[in-house]
Amino acid sequence: MMTFFGKTVRALRLERNLTQEQLSGALNISPQAVSKWERGQALPDLPLIPALARALNVTADALFGMDASAREIEALRDRAMALVENNPTESRRILSEGLQKYPAAPALLRALLYAGNYKTHPDDTLETARRLTACARDDADRYDALRFTAYALAAKGDEAAALEAAESLPDLTFTRLTELAFLLRGESRREAAEKQARISLENLLQMLEQAAESDEAAGRTERAANRREKALALLRVMQDEPYAGELAVYVRFFEGRLKR
């Protein structure tokens with residue numbers, strides 16, 4: 001709880017261009033107190049919460065990621081992701097509106113990276129990645145922020161910086177979730193395995209598309225189509241998994257590529 005709260009406060013403070021001194025002054029407390037919150041070492045006294053929420057222009061629930069807010073954020077993300085392929089403009093609008101209310105929501109920022117176009121608007125991608133880094137809650141957030149940073153830098157022609165960012169990406173051959181799936185038991189084991197299966201599946205789908213694009217560039221159109229058909233077949237096999245709804249965007253994507 002303290003770590004989540006601290007990261008949220010820090011991200012919101014930076015979004016408002018406030019220093020720790022300015023925020024502490026508005027609350028009539030010491031800058032050291034704000035620093036302890038942001039480092040996850042302490043929580044504010046209960047009477048301070050409403051004033052803190054006002055200073056950061058959010059609800060008290062948003063500071064703590066209460067369930068109602070989390071459900072709304074998840075719903076906004078799902079609506080936006082369903083439109084990424086066919087209507088990216090509307091997808092970005094939904095996410096931008098959501099981020100006005102929840103400016104430090106990693107789920108919305110990650111979705112915005114996917115809804116954006118790092119090739120045509122690399123600076124927007126870099127800014128979104130910066131914001132995601134500031135409020136990242138887990139390795140998946142940090143990973144996406146870093147890889148989209150690399151994509152955008154490459155699009156800007158800064159190959160040296162893009163390579164540096166890409167080389168900073170961790171090698172995920174053996175992930176924490178993988179190890180947990182082997183070590184844990186019961187529901188915790190299932191949850192870890194399902195999360196890792198989803199991540200691995202998405203990586204496989206993305207690599208199939210990268211290979212297909214390379215085939216097309218080399219004139220091997222039949223081979224490219226075959227790879228995309230395999231991706232769709234794989235998605236059909238996985239359609240009864242709990243995370244199948246999150247994969248719908250890939251179905252639309254590959255179907256669209258095959259119709260071109």
# chains A, B, ... in the order shown; residues from 1 in each chain; ligands from 1
$ residues_around --residues "Asp144 (chain A)" --least-positions-apart "6" --cutoff "12 Å" --atoms "only C-alpha atoms" --output "ChimeraX atom specification"
/A:106-107,109-114,125-126,128-133,136-138,150-151,165-166,168-170,199
$ residues_around --residues "Leu108 (chain A)" --least-positions-apart "3" --cutoff "12 Å" --atoms "only C-alpha atoms" --output "PyMOL selection string"
chain A and resi 70+72-81+91-105+111-116+128-129+131-132+135-136+141
$ write_last_selection --atoms "C-alpha atoms" --output "PDB file, in the first residue's frame"
ATOM      1  CA  ALA A  70      -9.466   0.477 -10.473  1.00  0.00           C
ATOM      2  CA  GLU A  72     -13.186   2.340 -14.008  1.00  0.00           C
ATOM      3  CA  ILE A  73      -9.574   2.440 -15.171  1.00  0.00           C
ATOM      4  CA  GLU A  74      -9.803  -1.157 -16.339  1.00  0.00           C
ATOM      5  CA  ALA A  75     -13.036  -0.433 -18.218  1.00  0.00           C
ATOM      6  CA  LEU A  76     -11.508   2.617 -19.931  1.00  0.00           C
ATOM      7  CA  ARG A  77      -8.440   0.625 -20.909  1.00  0.00           C
ATOM      8  CA  ASP A  78     -10.525  -2.220 -22.339  1.00  0.00           C
ATOM      9  CA  ARG A  79     -12.748   0.166 -24.340  1.00  0.00           C
ATOM     10  CA  ALA A  80      -9.724   1.907 -25.774  1.00  0.00           C
ATOM     11  CA  MET A  81      -7.814  -1.260 -26.611  1.00  0.00           C
ATOM     12  CA  SER A  91      -8.933   5.005 -28.665  1.00  0.00           C
ATOM     13  CA  ARG A  92      -6.550   7.867 -27.897  1.00  0.00           C
ATOM     14  CA  ARG A  93      -9.454  10.183 -27.073  1.00  0.00           C
ATOM     15  CA  ILE A  94     -10.846   7.721 -24.512  1.00  0.00           C
ATOM     16  CA  LEU A  95      -7.436   7.297 -22.928  1.00  0.00           C
ATOM     17  CA  SER A  96      -6.695  11.021 -22.869  1.00  0.00           C
ATOM     18  CA  GLU A  97      -9.978  11.710 -21.106  1.00  0.00           C
ATOM     19  CA  GLY A  98      -9.288   8.911 -18.659  1.00  0.00           C
ATOM     20  CA  LEU A  99      -5.831  10.291 -17.920  1.00  0.00           C
ATOM     21  CA  GLN A 100      -7.322  13.674 -17.072  1.00  0.00           C
ATOM     22  CA  LYS A 101      -9.090  11.966 -14.187  1.00  0.00           C
ATOM     23  CA  TYR A 102      -6.397   9.369 -13.432  1.00  0.00           C
ATOM     24  CA  PRO A 103      -3.130  10.960 -14.609  1.00  0.00           C
ATOM     25  CA  ALA A 104      -0.986   8.394 -12.806  1.00  0.00           C
ATOM     26  CA  ALA A 105      -2.758   5.243 -13.999  1.00  0.00           C
ATOM     27  CA  ALA A 111      -2.603   1.497 -23.462  1.00  0.00           C
ATOM     28  CA  LEU A 112      -1.798   4.957 -24.826  1.00  0.00           C
ATOM     29  CA  LEU A 113       1.608   3.703 -25.942  1.00  0.00           C
ATOM     30  CA  TYR A 114      -0.147   1.021 -28.001  1.00  0.00           C
ATOM     31  CA  ALA A 115      -2.814   3.411 -29.310  1.00  0.00           C
ATOM     32  CA  GLY A 116      -0.262   6.007 -30.348  1.00  0.00           C
ATOM     33  CA  THR A 128       3.927   8.973 -22.519  1.00  0.00           C
ATOM     34  CA  ALA A 129       6.813   6.600 -21.804  1.00  0.00           C
ATOM     35  CA  ARG A 131       5.044   9.446 -17.534  1.00  0.00           C
ATOM     36  CA  LEU A 132       4.689   5.675 -17.363  1.00  0.00           C
ATOM     37  CA  CYS A 135       4.359   5.859 -11.991  1.00  0.00           C
ATOM     38  CA  ALA A 136       5.366   2.308 -12.984  1.00  0.00           C
ATOM     39  CA  ASP A 141       5.210  -1.148 -16.925  1.00  0.00           C
TER      40      ASP A 141
END
$ atom_distance --atom1 "CA of Ala211 (chain A)" --atom2 "CA of Ala224 (chain A)"
7.4 Å
$ select_by_dssp --residues "region 86-164 of chain A" --states "alpha helix (DSSP H)" --output "compact mmCIF listing (two decimals) with N, CA, C and O atoms, in the first residue's frame"
# COMPACT_ATOMS: atom_id res chain seq x y z
N PRO A 88 -7.94 4.15 -34.01
CA PRO A 88 -6.96 4.60 -33.01
C PRO A 88 -7.20 6.00 -32.51
O PRO A 88 -6.86 6.32 -31.36
N THR A 89 -7.81 6.86 -33.33
CA THR A 89 -8.09 8.23 -32.89
C THR A 89 -9.06 8.23 -31.72
O THR A 89 -8.86 8.93 -30.71
N GLU A 90 -10.13 7.43 -31.83
CA GLU A 90 -11.10 7.33 -30.75
C GLU A 90 -10.48 6.66 -29.54
O GLU A 90 -10.75 7.03 -28.38
N SER A 91 -9.62 5.67 -29.77
CA SER A 91 -8.93 5.00 -28.66
C SER A 91 -8.10 6.00 -27.88
O SER A 91 -8.15 6.04 -26.64
N ARG A 92 -7.37 6.86 -28.58
CA ARG A 92 -6.55 7.87 -27.90
C ARG A 92 -7.41 8.89 -27.17
O ARG A 92 -7.04 9.37 -26.09
N ARG A 93 -8.56 9.22 -27.74
CA ARG A 93 -9.45 10.18 -27.07
C ARG A 93 -9.95 9.63 -25.74
O ARG A 93 -9.94 10.33 -24.72
N ILE A 94 -10.36 8.36 -25.74
CA ILE A 94 -10.85 7.72 -24.51
C ILE A 94 -9.75 7.71 -23.45
O ILE A 94 -9.97 8.04 -22.28
N LEU A 95 -8.55 7.38 -23.87
CA LEU A 95 -7.44 7.30 -22.93
C LEU A 95 -7.04 8.67 -22.42
O LEU A 95 -6.74 8.84 -21.23
N SER A 96 -7.05 9.67 -23.29
CA SER A 96 -6.69 11.02 -22.87
C SER A 96 -7.69 11.55 -21.85
O SER A 96 -7.31 12.20 -20.86
N GLU A 97 -8.97 11.29 -22.08
CA GLU A 97 -9.98 11.71 -21.11
C GLU A 97 -9.80 10.97 -19.78
O GLU A 97 -9.93 11.55 -18.71
N GLY A 98 -9.51 9.68 -19.88
CA GLY A 98 -9.29 8.91 -18.66
C GLY A 98 -8.09 9.41 -17.88
O GLY A 98 -8.10 9.46 -16.64
N LEU A 99 -7.05 9.82 -18.58
CA LEU A 99 -5.83 10.29 -17.92
C LEU A 99 -6.01 11.67 -17.30
O LEU A 99 -5.24 12.06 -16.42
N GLN A 100 -7.02 12.42 -17.74
CA GLN A 100 -7.32 13.67 -17.07
C GLN A 100 -7.83 13.41 -15.66
O GLN A 100 -7.55 14.18 -14.73
N LYS A 101 -8.56 12.32 -15.51
CA LYS A 101 -9.09 11.97 -14.19
C LYS A 101 -8.10 11.14 -13.39
O LYS A 101 -7.99 11.27 -12.17
N PRO A 106 -1.01 3.61 -14.57
CA PRO A 106 -0.13 2.90 -15.51
C PRO A 106 -0.89 2.17 -16.61
O PRO A 106 -0.44 2.13 -17.76
N ALA A 107 -2.04 1.58 -16.28
CA ALA A 107 -2.80 0.82 -17.28
C ALA A 107 -3.22 1.71 -18.45
O ALA A 107 -3.19 1.28 -19.61
N LEU A 108 -3.61 2.95 -18.16
CA LEU A 108 -4.02 3.86 -19.22
C LEU A 108 -2.82 4.36 -20.02
O LEU A 108 -2.89 4.51 -21.24
N LEU A 109 -1.72 4.62 -19.33
CA LEU A 109 -0.52 5.08 -20.03
C LEU A 109 0.04 3.99 -20.93
O LEU A 109 0.48 4.27 -22.06
N ARG A 110 0.04 2.75 -20.46
CA ARG A 110 0.51 1.64 -21.30
C ARG A 110 -0.38 1.49 -22.53
O ARG A 110 0.10 1.29 -23.65
N ALA A 111 -1.68 1.60 -22.33
CA ALA A 111 -2.60 1.50 -23.46
C ALA A 111 -2.36 2.63 -24.46
O ALA A 111 -2.45 2.43 -25.68
N LEU A 112 -2.05 3.82 -23.94
CA LEU A 112 -1.80 4.96 -24.83
C LEU A 112 -0.55 4.74 -25.68
O LEU A 112 -0.49 5.19 -26.83
N LEU A 113 0.43 4.04 -25.13
CA LEU A 113 1.61 3.70 -25.94
C LEU A 113 1.21 2.85 -27.14
O LEU A 113 1.71 3.04 -28.25
N TYR A 114 0.29 1.90 -26.92
CA TYR A 114 -0.15 1.02 -28.00
C TYR A 114 -1.08 1.75 -28.97
O TYR A 114 -1.09 1.46 -30.17
N ALA A 115 -1.87 2.69 -28.45
CA ALA A 115 -2.81 3.41 -29.31
C ALA A 115 -2.13 4.51 -30.11
O ALA A 115 -2.64 4.93 -31.14
N PRO A 122 6.73 10.49 -32.59
CA PRO A 122 7.67 9.94 -31.61
C PRO A 122 7.78 10.75 -30.32
O PRO A 122 7.97 10.18 -29.24
N ASP A 123 7.63 12.07 -30.42
CA ASP A 123 7.75 12.89 -29.21
C ASP A 123 6.59 12.62 -28.25
O ASP A 123 6.78 12.61 -27.02
N ASP A 124 5.40 12.39 -28.79
CA ASP A 124 4.25 12.03 -27.94
C ASP A 124 4.52 10.70 -27.24
O ASP A 124 4.21 10.53 -26.06
N THR A 125 5.09 9.75 -27.97
CA THR A 125 5.41 8.45 -27.39
C THR A 125 6.45 8.59 -26.29
O THR A 125 6.33 7.97 -25.22
N LEU A 126 7.46 9.40 -26.52
CA LEU A 126 8.50 9.60 -25.50
C LEU A 126 7.92 10.22 -24.23
O LEU A 126 8.30 9.84 -23.12
N GLU A 127 7.00 11.16 -24.39
CA GLU A 127 6.39 11.80 -23.22
C GLU A 127 5.53 10.80 -22.46
O GLU A 127 5.55 10.75 -21.23
N THR A 128 4.75 9.98 -23.18
CA THR A 128 3.93 8.97 -22.52
C THR A 128 4.80 7.96 -21.80
O THR A 128 4.50 7.55 -20.66
N ALA A 129 5.89 7.55 -22.43
CA ALA A 129 6.81 6.60 -21.80
C ALA A 129 7.44 7.20 -20.55
O ALA A 129 7.63 6.50 -19.54
N ARG A 130 7.76 8.49 -20.60
CA ARG A 130 8.32 9.16 -19.42
C ARG A 130 7.33 9.15 -18.26
O ARG A 130 7.68 8.85 -17.11
N ARG A 131 6.07 9.44 -18.58
CA ARG A 131 5.04 9.45 -17.53
C ARG A 131 4.84 8.05 -16.96
O ARG A 131 4.65 7.89 -15.75
N LEU A 132 4.86 7.04 -17.84
CA LEU A 132 4.69 5.67 -17.36
C LEU A 132 5.85 5.27 -16.45
O LEU A 132 5.63 4.62 -15.42
N THR A 133 7.05 5.66 -16.80
CA THR A 133 8.20 5.35 -15.97
C THR A 133 8.04 5.95 -14.58
O THR A 133 8.39 5.32 -13.57
N ALA A 134 7.49 7.16 -14.52
CA ALA A 134 7.35 7.86 -13.24
C ALA A 134 6.37 7.18 -12.30
O ALA A 134 6.51 7.26 -11.07
N CYS A 135 5.37 6.48 -12.85
CA CYS A 135 4.36 5.86 -11.99
C CYS A 135 4.32 4.34 -12.13
O CYS A 135 3.37 3.70 -11.67
N ASP A 139 7.46 -4.53 -13.27
CA ASP A 139 8.43 -4.66 -14.34
C ASP A 139 7.79 -4.55 -15.72
O ASP A 139 8.43 -4.07 -16.67
N ALA A 140 6.55 -4.99 -15.84
CA ALA A 140 5.88 -4.91 -17.14
C ALA A 140 5.70 -3.46 -17.57
O ALA A 140 5.88 -3.12 -18.75
N ASP A 141 5.34 -2.57 -16.61
CA ASP A 141 5.21 -1.15 -16.92
C ASP A 141 6.55 -0.58 -17.37
O ASP A 141 6.65 0.13 -18.38
N ARG A 142 7.59 -0.88 -16.61
CA ARG A 142 8.92 -0.34 -16.93
C ARG A 142 9.43 -0.89 -18.27
O ARG A 142 10.07 -0.17 -19.04
N TYR A 143 9.13 -2.14 -18.54
CA TYR A 143 9.57 -2.77 -19.79
C TYR A 143 8.93 -2.08 -20.99
O TYR A 143 9.62 -1.74 -21.96
N ASP A 144 7.61 -1.87 -20.93
CA ASP A 144 6.94 -1.22 -22.05
C ASP A 144 7.42 0.21 -22.22
O ASP A 144 7.59 0.69 -23.35
N ALA A 145 7.62 0.92 -21.11
CA ALA A 145 8.10 2.30 -21.20
C ALA A 145 9.45 2.35 -21.90
O ALA A 145 9.70 3.20 -22.76
N LEU A 146 10.31 1.41 -21.55
CA LEU A 146 11.66 1.40 -22.12
C LEU A 146 11.66 1.01 -23.59
O LEU A 146 12.35 1.62 -24.42
N ARG A 147 10.86 -0.01 -23.94
CA ARG A 147 10.91 -0.45 -25.33
C ARG A 147 10.24 0.56 -26.27
O ARG A 147 10.72 0.76 -27.39
N PHE A 148 9.18 1.22 -25.81
CA PHE A 148 8.58 2.24 -26.67
C PHE A 148 9.48 3.47 -26.77
O PHE A 148 9.47 4.17 -27.78
N THR A 149 10.26 3.72 -25.73
CA THR A 149 11.26 4.78 -25.81
C THR A 149 12.25 4.46 -26.91
O THR A 149 12.62 5.32 -27.73
N ALA A 150 12.69 3.20 -26.96
CA ALA A 150 13.62 2.78 -28.00
C ALA A 150 12.99 2.93 -29.39
O ALA A 150 13.64 3.42 -30.33
N TYR A 151 11.73 2.52 -29.54
CA TYR A 151 11.05 2.63 -30.83
C TYR A 151 11.00 4.09 -31.29
O TYR A 151 11.27 4.42 -32.46
N ALA A 152 10.60 4.98 -30.35
CA ALA A 152 10.42 6.39 -30.71
C ALA A 152 11.75 7.05 -31.05
O ALA A 152 11.84 7.86 -31.99
N LEU A 153 12.79 6.72 -30.31
CA LEU A 153 14.11 7.28 -30.60
C LEU A 153 14.60 6.83 -31.98
O LEU A 153 15.19 7.61 -32.73
N ALA A 154 14.33 5.58 -32.31
CA ALA A 154 14.71 5.08 -33.64
C ALA A 154 13.93 5.83 -34.73
O ALA A 154 14.47 6.17 -35.77
N ALA A 155 12.65 6.10 -34.47
CA ALA A 155 11.83 6.82 -35.44
C ALA A 155 12.34 8.24 -35.64
O ALA A 155 12.19 8.81 -36.72
N GLU A 159 19.66 6.66 -33.64
CA GLU A 159 19.89 5.22 -33.53
C GLU A 159 20.75 4.85 -32.33
O GLU A 159 20.55 3.81 -31.71
N ALA A 160 21.72 5.71 -31.98
CA ALA A 160 22.58 5.42 -30.83
C ALA A 160 21.78 5.39 -29.55
O ALA A 160 21.93 4.47 -28.72
N ALA A 161 20.92 6.38 -29.34
CA ALA A 161 20.09 6.42 -28.13
C ALA A 161 19.08 5.29 -28.12
O ALA A 161 18.78 4.71 -27.07
N ALA A 162 18.53 4.95 -29.31
CA ALA A 162 17.57 3.86 -29.40
C ALA A 162 18.24 2.54 -29.03
O ALA A 162 17.66 1.73 -28.28
N LEU A 163 19.44 2.33 -29.51
CA LEU A 163 20.17 1.10 -29.20
C LEU A 163 20.50 1.03 -27.71
O LEU A 163 20.39 -0.03 -27.09
N GLU A 164 20.87 2.17 -27.14
CA GLU A 164 21.17 2.20 -25.71
C GLU A 164 19.94 1.83 -24.89
O GLU A 164 20.03 1.07 -23.92
$ closest_residue --among "A:Leu63, A:Ala231, A:Ala218, A:Leu258" --to "Gly6 (chain A)" --atoms "only C-alpha atoms"
A:Leu63
